[in-house]
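So this one's entry07.txt, compact mmCIF, C-alpha atoms:
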# COMPACT_ATOMS: atom_id res chain seq x y z
CA MET M 1 -49.84 -58.00 -74.91
CA SER M 2 -47.08 -58.28 -72.34
CA THR M 3 -44.23 -60.70 -72.87
CA VAL M 4 -41.48 -61.21 -70.33
CA LEU M 5 -38.86 -58.52 -70.87
CA LYS M 6 -35.19 -58.98 -70.22
CA THR M 7 -32.62 -56.21 -70.04
CA GLY M 8 -31.93 -55.03 -73.58
CA ASP M 9 -35.25 -56.21 -75.00
CA ALA M 10 -37.22 -53.68 -77.04
CA ILE M 11 -40.98 -53.38 -76.95
CA PRO M 12 -42.89 -52.84 -80.21
CA ALA M 13 -42.49 -49.26 -81.45
CA LEU M 14 -45.47 -47.10 -82.30
CA THR M 15 -45.47 -44.65 -85.23
CA LYS M 16 -47.99 -41.90 -85.76
CA ASN M 17 -48.46 -39.07 -88.19
CA ALA M 18 -48.49 -36.23 -85.67
CA TYR M 19 -51.57 -34.13 -85.65
CA ALA M 20 -53.17 -31.56 -83.40
CA PRO M 21 -55.93 -29.14 -84.36
CA ILE M 22 -54.63 -25.57 -84.59
CA ALA M 23 -56.91 -22.96 -83.04
CA LYS M 24 -55.95 -19.39 -83.92
CA ASP M 25 -57.21 -18.28 -80.53
CA ALA M 26 -55.42 -21.00 -78.55
CA ARG M 27 -54.85 -19.89 -74.95
CA ASN M 28 -51.23 -20.95 -75.26
CA PRO M 29 -50.04 -19.34 -78.50
CA ILE M 30 -47.12 -21.76 -78.83
CA HIS M 31 -49.82 -23.92 -80.43
CA THR M 32 -50.38 -21.35 -83.19
CA ASP M 33 -48.23 -21.07 -86.31
CA GLU M 34 -47.57 -17.34 -86.14
CA TYR M 35 -46.38 -17.15 -82.53
CA ALA M 36 -44.47 -20.44 -82.66
CA ARG M 37 -42.53 -19.23 -85.72
CA GLN M 38 -41.74 -15.99 -83.90
CA GLN M 39 -40.20 -18.19 -81.19
CA GLY M 40 -38.03 -19.98 -83.74
CA MET M 41 -40.17 -23.09 -84.11
CA ARG M 42 -41.16 -24.67 -87.43
CA GLY M 43 -44.82 -24.05 -86.73
CA ALA M 44 -47.52 -24.62 -84.14
CA LEU M 45 -46.17 -27.09 -81.62
CA ILE M 46 -48.04 -30.32 -80.98
CA PRO M 47 -48.98 -30.24 -77.26
CA GLY M 48 -46.72 -32.22 -74.97
CA SER M 49 -49.75 -34.09 -73.63
CA THR M 50 -50.43 -35.38 -77.15
CA LEU M 51 -46.83 -36.49 -77.65
CA LEU M 52 -46.93 -38.17 -74.27
CA SER M 53 -50.12 -40.01 -75.23
CA TYR M 54 -48.31 -41.61 -78.18
CA VAL M 55 -45.72 -43.01 -75.77
CA LEU M 56 -48.41 -44.09 -73.31
CA GLU M 57 -50.22 -45.97 -76.07
CA MET M 58 -47.02 -47.84 -76.92
CA LEU M 59 -46.60 -48.78 -73.26
CA TYR M 60 -50.26 -49.75 -72.88
CA ASN M 61 -49.97 -51.90 -76.01
CA HIS M 62 -47.21 -53.86 -74.30
CA PHE M 63 -48.26 -53.95 -70.66
CA GLY M 64 -52.05 -53.90 -71.12
CA GLU M 65 -54.23 -53.53 -68.02
CA LYS M 66 -51.16 -53.72 -65.74
CA TRP M 67 -50.15 -50.29 -67.00
CA LEU M 68 -53.34 -48.81 -65.54
CA TYR M 69 -52.29 -49.95 -62.04
CA HIS M 70 -48.50 -49.98 -62.09
CA GLY M 71 -47.36 -47.67 -64.88
CA ARG M 72 -44.84 -44.91 -64.24
CA ILE M 73 -43.30 -42.55 -66.74
CA ASN M 74 -40.91 -39.62 -66.51
CA VAL M 75 -39.98 -37.82 -69.71
CA SER M 76 -38.23 -34.67 -70.89
CA PHE M 77 -39.18 -32.80 -74.04
CA ILE M 78 -36.07 -31.95 -76.02
CA GLY M 79 -35.12 -30.55 -79.40
CA GLY M 80 -37.53 -28.48 -81.41
CA GLY M 81 -40.71 -30.33 -80.56
CA ALA M 82 -43.12 -31.63 -83.19
CA VAL M 83 -45.46 -30.03 -85.70
CA ASN M 84 -48.36 -31.38 -87.71
CA ASP M 85 -47.44 -34.09 -90.23
CA ASP M 86 -44.20 -35.03 -88.52
CA ILE M 87 -43.79 -38.80 -88.50
CA LEU M 88 -43.15 -39.71 -84.88
CA THR M 89 -42.00 -43.06 -83.58
CA ALA M 90 -42.15 -43.95 -79.89
CA GLN M 91 -39.70 -46.62 -78.78
CA GLY M 92 -38.74 -48.39 -75.57
CA ARG M 93 -36.05 -50.76 -74.39
CA ALA M 94 -35.78 -52.58 -71.05
CA THR M 95 -32.85 -51.48 -68.91
CA SER M 96 -33.37 -53.38 -65.67
CA VAL M 97 -35.75 -55.47 -63.61
CA VAL M 98 -36.06 -54.65 -59.91
CA GLN M 99 -37.89 -56.81 -57.40
CA GLU M 100 -40.53 -54.89 -55.43
CA GLU M 101 -43.11 -55.91 -52.87
CA ASP M 102 -45.79 -56.22 -55.56
CA GLY M 103 -43.59 -57.99 -58.09
CA ALA M 104 -40.75 -57.46 -60.51
CA ARG M 105 -40.76 -53.91 -61.90
CA VAL M 106 -39.39 -53.58 -65.41
CA TYR M 107 -37.62 -50.31 -66.21
CA LEU M 108 -37.33 -49.08 -69.78
CA ASP M 109 -35.67 -46.22 -71.56
CA VAL M 110 -38.32 -44.57 -73.71
CA TRP M 111 -37.88 -42.03 -76.45
CA MET M 112 -39.53 -40.56 -79.49
CA VAL M 113 -37.91 -39.60 -82.78
CA ASN M 114 -39.17 -37.67 -85.77
CA GLN M 115 -38.73 -38.47 -89.45
CA GLN M 116 -35.19 -37.08 -89.31
CA ASP M 117 -34.39 -39.51 -86.50
CA GLU M 118 -34.05 -36.54 -84.14
CA LYS M 119 -35.08 -37.26 -80.57
CA ILE M 120 -37.85 -34.99 -79.31
CA LEU M 121 -38.69 -36.85 -76.10
CA VAL M 122 -36.53 -38.97 -73.81
CA GLY M 123 -37.14 -40.55 -70.45
CA GLU M 124 -37.84 -43.62 -68.41
CA ALA M 125 -40.91 -45.75 -67.83
CA SER M 126 -41.59 -48.75 -65.64
CA CYS M 127 -44.33 -51.23 -64.89
CA ILE M 128 -44.95 -54.43 -62.94
CA PRO M 129 -46.21 -56.77 -65.68
CA MET G 1 -46.19 -6.93 -65.11
CA SER G 2 -43.13 -8.42 -66.80
CA LEU G 3 -42.55 -12.13 -67.15
CA GLU G 4 -39.81 -11.91 -64.55
CA GLU G 5 -41.99 -9.99 -62.09
CA GLU G 6 -44.91 -12.36 -62.53
CA PHE G 7 -42.66 -15.38 -62.07
CA ALA G 8 -41.15 -13.88 -58.92
CA ALA G 9 -44.62 -13.34 -57.48
CA ILE G 10 -45.65 -17.01 -57.69
CA PRO G 11 -45.55 -18.49 -54.17
CA ILE G 12 -44.40 -22.06 -53.66
CA GLY G 13 -47.49 -23.98 -52.62
CA PHE G 14 -49.71 -21.85 -54.83
CA ASP G 15 -53.06 -23.62 -55.26
CA LEU G 16 -53.94 -24.30 -58.89
CA GLY G 17 -57.45 -25.23 -57.88
CA GLU G 18 -59.41 -28.25 -58.98
CA VAL G 19 -61.32 -29.34 -62.05
CA GLU G 20 -64.06 -31.95 -62.13
CA ILE G 21 -64.52 -34.10 -65.23
CA VAL G 22 -67.17 -36.65 -66.08
CA LEU G 23 -65.59 -39.43 -68.13
CA ASP G 24 -68.54 -39.97 -70.40
CA GLU G 25 -68.27 -41.54 -73.83
CA LYS G 26 -68.07 -38.21 -75.65
CA THR G 27 -65.36 -36.76 -73.42
CA VAL G 28 -63.22 -39.87 -73.64
CA GLY G 29 -63.96 -40.40 -77.33
CA ASP G 30 -63.09 -36.83 -78.25
CA ARG G 31 -59.75 -37.05 -76.48
CA ALA G 32 -59.01 -40.44 -78.00
CA ALA G 33 -59.66 -38.93 -81.43
CA VAL G 34 -57.34 -35.97 -80.84
CA THR G 35 -54.54 -38.25 -79.70
CA GLN G 36 -55.28 -40.86 -82.39
CA TRP G 37 -55.57 -43.44 -79.62
CA GLN G 38 -56.15 -46.75 -81.39
CA ALA G 39 -55.83 -49.22 -78.48
CA LEU G 40 -59.58 -49.14 -77.88
CA GLY G 41 -59.48 -52.30 -75.78
CA VAL G 42 -58.83 -50.10 -72.77
CA ILE G 43 -62.28 -48.57 -73.25
CA GLU G 44 -64.16 -51.58 -74.56
CA LYS G 45 -62.62 -54.34 -72.43
CA PHE G 46 -61.48 -52.58 -69.28
CA LYS G 47 -64.13 -49.83 -69.31
CA ALA G 48 -61.46 -47.25 -68.59
CA ALA G 49 -60.29 -44.05 -70.24
CA PRO G 50 -56.94 -44.27 -72.04
CA PRO G 51 -54.13 -43.61 -69.54
CA GLY G 52 -53.21 -39.95 -69.56
CA GLN G 53 -56.72 -38.85 -70.50
CA THR G 54 -56.68 -35.98 -68.00
CA ILE G 55 -53.09 -34.80 -68.43
CA GLU G 56 -54.09 -32.18 -70.99
CA ILE G 57 -56.16 -30.51 -68.26
CA HIS G 58 -53.06 -29.61 -66.24
CA PRO G 59 -51.81 -26.82 -68.53
CA ARG G 60 -55.32 -25.42 -68.73
CA MET G 61 -55.49 -25.19 -64.94
CA GLN G 62 -52.24 -23.27 -64.90
CA PHE G 63 -53.26 -20.82 -67.62
CA ALA G 64 -56.54 -20.27 -65.77
CA LYS G 65 -54.60 -19.15 -62.69
CA PHE G 66 -51.72 -17.30 -64.31
CA THR G 67 -53.79 -14.94 -66.39
CA GLY G 68 -50.80 -12.80 -67.33
CA LEU G 69 -48.82 -15.75 -68.63
CA ARG G 70 -48.45 -15.40 -72.39
CA SER G 71 -47.12 -18.83 -73.24
CA ALA G 72 -45.40 -21.87 -71.79
CA ILE G 73 -43.79 -25.07 -73.00
CA TRP G 74 -43.32 -28.37 -71.21
CA ALA G 75 -39.85 -29.35 -70.10
CA LYS G 76 -40.58 -32.46 -68.04
CA SER G 77 -43.60 -34.63 -67.37
CA GLU G 78 -43.81 -37.39 -64.77
CA HIS G 79 -46.82 -39.58 -64.01
CA GLU G 80 -47.71 -42.52 -61.83
CA PHE G 81 -50.80 -44.55 -62.72
CA LEU G 82 -52.40 -46.17 -59.68
CA LYS G 83 -55.92 -47.13 -60.74
CA PRO G 84 -57.94 -46.96 -63.97
CA LEU G 85 -60.02 -43.88 -64.73
CA LYS G 86 -63.35 -45.66 -65.04
CA MET G 87 -65.70 -44.83 -67.87
CA GLY G 88 -68.77 -42.98 -66.63
CA SER G 89 -67.13 -41.90 -63.40
CA THR G 90 -66.38 -38.39 -62.21
CA VAL G 91 -62.78 -37.52 -61.46
CA ILE G 92 -61.32 -34.47 -59.81
CA ILE G 93 -57.90 -33.03 -60.66
CA ARG G 94 -56.10 -30.93 -58.05
CA GLY G 95 -52.85 -29.08 -58.50
CA ARG G 96 -50.34 -26.83 -56.78
CA VAL G 97 -46.99 -25.22 -57.48
CA VAL G 98 -44.22 -27.04 -55.62
CA ASP G 99 -41.05 -25.40 -56.93
CA LYS G 100 -39.69 -22.79 -59.29
CA TYR G 101 -36.23 -21.87 -60.47
CA ILE G 102 -34.35 -19.88 -63.09
CA LYS G 103 -31.79 -21.70 -65.22
CA ARG G 104 -29.85 -20.19 -68.12
CA GLY G 105 -32.25 -17.26 -68.11
CA ARG G 106 -35.33 -19.45 -68.43
CA PHE G 107 -38.15 -19.52 -65.89
CA TYR G 108 -39.11 -23.02 -64.74
CA ARG G 109 -42.17 -23.79 -62.65
CA VAL G 110 -42.81 -27.22 -61.14
CA SER G 111 -46.37 -28.28 -60.37
CA GLU G 112 -47.86 -31.42 -58.90
CA PHE G 113 -51.31 -32.81 -59.65
CA GLU G 114 -53.50 -35.56 -58.28
CA THR G 115 -56.43 -37.13 -60.08
CA VAL G 116 -58.89 -38.61 -57.59
CA ASP G 117 -62.23 -40.39 -57.85
CA GLU G 118 -65.49 -39.42 -56.15
CA ASN G 119 -64.31 -41.11 -52.94
CA GLY G 120 -61.05 -39.19 -52.88
CA GLU G 121 -58.99 -42.21 -53.88
CA ILE G 122 -55.91 -41.23 -55.85
CA LEU G 123 -55.93 -42.60 -59.40
CA MET G 124 -52.92 -40.79 -60.82
CA ARG G 125 -50.10 -38.58 -59.55
CA SER G 126 -48.28 -36.13 -61.79
CA ARG G 127 -45.34 -33.76 -61.56
CA GLU G 128 -44.68 -31.39 -64.43
CA THR G 129 -42.09 -28.76 -65.18
CA GLY G 130 -43.04 -25.95 -67.50
CA ILE G 131 -41.04 -23.03 -68.90
CA HIS G 132 -42.70 -19.63 -68.91
CA VAL G 133 -42.26 -17.94 -72.29
CA GLU G 134 -42.59 -14.20 -73.02

Here is a file; write its structure as structure tokens.
Amino acid sequence: MSTVLKTGDAIPALTKNAYAPIAKDARNPIHTDEYARQQGMRGALIPGSTLLSYVLEMLYNHFGEKWLYHGRINVSFIGGGAVNDDILTAQGRATSVVQEEDGARVYLDVWMVNQQDEKILVGEASCIP
Amino acid sequence: MSLEEEFAAIPIGFDLGEVEIVLDEKTVGDRAAVTQWQALGVIEKFKAAPPGQTIEIHPRMQFAKFTGLRSAIWAKSEHEFLKPLKMGSTVIIRGRVVDKYIKRGRFYRVSEFETVDENGEILMRSRETGIHVE
């Protein structure tokens, strides 16, 4: 679990073969192939909450239980999103450590790339380890 | 009603209502399977749902209220985790619209959510920006 991070240190990346079930009657049709392609996407988009969970798992893997009490994350979804069978890798790198009342909060840049090394999610996370 | 008209009609402060969820083994397990969550120590050791378990509920709450909304995509997602979502507990998610704006012809809506336990203690705070799509 958590090791002491210094500015510039990376945490272990997490790679997943993206998958989300596609329901033809999905309430949000951006998660169906037909509508998503009409909107210029490659296919049914993987929900943002699923992409976010991949990043959260990477952060939990590093910070462990502390993440459940002190975790913060703020991300933007960029690029063309992700579709089933994309190979997605979540990554994070420490940018600063700021002393707070409860302890030293570590800030990280976090991002996710697909198999073409295109970023589809970028943002910042932090935790008091 | 057009997308533009519907967007214009959304009042800031609009109540997205609340949803109650029991974090039983099936509910948590099903979500863990969908997200391919493999760090099962959070469930087995800490007796808590994986962080972010309830985030997928937020879009559903919005679609339930904006019945004319055809589609939407996430632009931004911000979360603060304050306490674990304990296995077997009941949590309540509340949401409201806090801002909206039009940028480069796209319609952005900002909503805030709180996940609380049975005693009203806040477990997680969220702020999400979605883009309404025709």

Work out where the centre of an axis-aligned box around every listed atom of range 89-103 of chain G lies and how long its edges are once 6 Å is added on each side; give both in Å to one decimal as lines of an AutoDock Vina configuration file.
center_x = -49.5
center_y = -30.9
center_z = -60.4
size_x = 47.3
size_y = 34.0
size_z = 21.6

Query raised in the report: Can you list, as a ChimeraX atom specification, every protein, DNA or RNA residue that comes within 6 Å of range 48-60 of chain G when you count all atoms listed in the file, leaving out same-chain residues fewer than 4 positions away?
Result: /M:49 /G:42-43,84-87

Proximity check chain M to chain G, 10 Å, nearest pairs one decimal Å, only C-alpha atoms, as CSV:
residue,atom,partner,partner_atom,distance
M:Lys16,CA,G:Gln36,CA,8.1
M:Asn17,CA,G:Gln36,CA,9.1
M:Ala18,CA,G:Thr35,CA,8.7
M:Tyr19,CA,G:Val34,CA,7.7
M:Ala20,CA,G:Val34,CA,6.6
M:Pro21,CA,G:Val34,CA,7.8
M:Arg27,CA,G:Phe63,CA,7.6
M:Asn28,CA,G:Ser71,CA,5.0
M:Pro29,CA,G:Ser71,CA,6.0
M:Ile30,CA,G:Ser71,CA,6.3
M:His31,CA,G:Ser71,CA,9.2
M:Tyr35,CA,G:Ser71,CA,9.5
M:Ala36,CA,G:Ser71,CA,9.9
M:Gln39,CA,G:Val133,CA,9.1
M:Leu45,CA,G:Ile73,CA,9.2
M:Pro47,CA,G:Glu56,CA,8.3
M:Gly48,CA,G:Trp74,CA,6.4
M:Ser49,CA,G:Glu56,CA,5.4
M:Thr50,CA,G:Thr35,CA,5.6
M:Leu51,CA,G:Thr35,CA,8.2
M:Leu52,CA,G:Gly52,CA,8.0
M:Ser53,CA,G:Gly52,CA,6.5
M:Tyr54,CA,G:Thr35,CA,7.2
M:Leu56,CA,G:Pro51,CA,6.9
M:Glu57,CA,G:Trp37,CA,6.9
M:Met58,CA,G:Ala39,CA,9.1
M:Leu59,CA,G:Pro51,CA,9.9
M:Tyr60,CA,G:Ala39,CA,7.9
M:Asn61,CA,G:Ala39,CA,6.9
M:Gly64,CA,G:Val42,CA,7.9
M:Glu65,CA,G:Phe46,CA,7.4
M:Lys66,CA,G:Lys83,CA,9.5
M:Trp67,CA,G:Phe81,CA,7.2
M:Leu68,CA,G:Pro84,CA,5.2
M:Tyr69,CA,G:Leu82,CA,4.5
M:His70,CA,G:Phe81,CA,5.9
M:Gly71,CA,G:Phe81,CA,5.1
M:Arg72,CA,G:Glu80,CA,4.4
M:Ile73,CA,G:His79,CA,5.4
M:Asn74,CA,G:Glu78,CA,4.1
M:Val75,CA,G:Ser77,CA,5.4
M:Ser76,CA,G:Lys76,CA,4.3
M:Phe77,CA,G:Ala75,CA,5.3
M:Ile78,CA,G:Ala75,CA,7.5
M:Gly81,CA,G:Ile73,CA,9.7
M:Leu121,CA,G:Lys76,CA,9.4
M:Val122,CA,G:Lys76,CA,9.6
M:Gly123,CA,G:Lys76,CA,9.1
M:Glu124,CA,G:Glu78,CA,9.4
M:Ala125,CA,G:His79,CA,9.4
M:Ser126,CA,G:Glu80,CA,9.5
M:Cys127,CA,G:Phe81,CA,9.5

C-alpha atoms of the current selection, written as a tab-separated table (two decimals), in the coordinates of the input:
chain	number	residue	atom	x	y	z
M	16	LYS	CA	-47.99	-41.90	-85.76
M	17	ASN	CA	-48.46	-39.07	-88.19
M	18	ALA	CA	-48.49	-36.23	-85.67
M	19	TYR	CA	-51.57	-34.13	-85.65
M	20	ALA	CA	-53.17	-31.56	-83.40
M	21	PRO	CA	-55.93	-29.14	-84.36
M	27	ARG	CA	-54.85	-19.89	-74.95
M	28	ASN	CA	-51.23	-20.95	-75.26
M	29	PRO	CA	-50.04	-19.34	-78.50
M	30	ILE	CA	-47.12	-21.76	-78.83
M	31	HIS	CA	-49.82	-23.92	-80.43
M	35	TYR	CA	-46.38	-17.15	-82.53
M	36	ALA	CA	-44.47	-20.44	-82.66
M	39	GLN	CA	-40.20	-18.19	-81.19
M	45	LEU	CA	-46.17	-27.09	-81.62
M	47	PRO	CA	-48.98	-30.24	-77.26
M	48	GLY	CA	-46.72	-32.22	-74.97
M	49	SER	CA	-49.75	-34.09	-73.63
M	50	THR	CA	-50.43	-35.38	-77.15
M	51	LEU	CA	-46.83	-36.49	-77.65
M	52	LEU	CA	-46.93	-38.17	-74.27
M	53	SER	CA	-50.12	-40.01	-75.23
M	54	TYR	CA	-48.31	-41.61	-78.18
M	56	LEU	CA	-48.41	-44.09	-73.31
M	57	GLU	CA	-50.22	-45.97	-76.07
M	58	MET	CA	-47.02	-47.84	-76.92
M	59	LEU	CA	-46.60	-48.78	-73.26
M	60	TYR	CA	-50.26	-49.75	-72.88
M	61	ASN	CA	-49.97	-51.90	-76.01
M	64	GLY	CA	-52.05	-53.90	-71.12
M	65	GLU	CA	-54.23	-53.53	-68.02
M	66	LYS	CA	-51.16	-53.72	-65.74
M	67	TRP	CA	-50.15	-50.29	-67.00
M	68	LEU	CA	-53.34	-48.81	-65.54
M	69	TYR	CA	-52.29	-49.95	-62.04
M	70	HIS	CA	-48.50	-49.98	-62.09
M	71	GLY	CA	-47.36	-47.67	-64.88
M	72	ARG	CA	-44.84	-44.91	-64.24
M	73	ILE	CA	-43.30	-42.55	-66.74
M	74	ASN	CA	-40.91	-39.62	-66.51
M	75	VAL	CA	-39.98	-37.82	-69.71
M	76	SER	CA	-38.23	-34.67	-70.89
M	77	PHE	CA	-39.18	-32.80	-74.04
M	78	ILE	CA	-36.07	-31.95	-76.02
M	81	GLY	CA	-40.71	-30.33	-80.56
M	121	LEU	CA	-38.69	-36.85	-76.10
M	122	VAL	CA	-36.53	-38.97	-73.81
M	123	GLY	CA	-37.14	-40.55	-70.45
M	124	GLU	CA	-37.84	-43.62	-68.41
M	125	ALA	CA	-40.91	-45.75	-67.83
M	126	SER	CA	-41.59	-48.75	-65.64
M	127	CYS	CA	-44.33	-51.23	-64.89

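CA of Pro11 in chain G to CA of Glu121 in chain G spans 27.3 Å [interatomic distance, one decimal].
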
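CA of Leu5 in chain M is positioned 10.6 Å from CA of Ala104 in chain M.
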
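Picture a line from CA of Gly130 in chain G to CA of Val55 in chain M; it runs 19.1 Å.
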
**Report entry** Arg93 in chain M environment, 7 Å, only C-alpha atoms, sequence neighbours closer than 6 positions dropped, as a VMD selection string
**Finding:** chain M and resid 8 to 11 108 to 110

Requested in this report: Please identify all polymer residues within 10 Å of Thr90 in chain G, counting all atoms listed in the file, omitting same-chain residues fewer than 5 positions from it, and present them as a PyMOL selection string.
Outcome: chain G and resi 20-24+85+116-119

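Shortest separation to Gly103 in chain M among M:Pro129, M:Gln38, M:Gly80, M:Gln115 occurs at residue M:Pro129, atoms counted being all atoms listed in the file.
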
Report task. Do a neighbour search on Arg105 in chain M at 6 Å with only C-alpha atoms, toss out local chain neighbours closer than 6 positions, and write the hits as an NGL selection string. Result -> :M and (97-98 or 127-128)

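The smallest atom-to-atom distance between Ile93 in chain G and any of G:Thr27, G:Thr115, G:Ser2, G:Gln62, using only C-alpha atoms, is found for G:Thr115.
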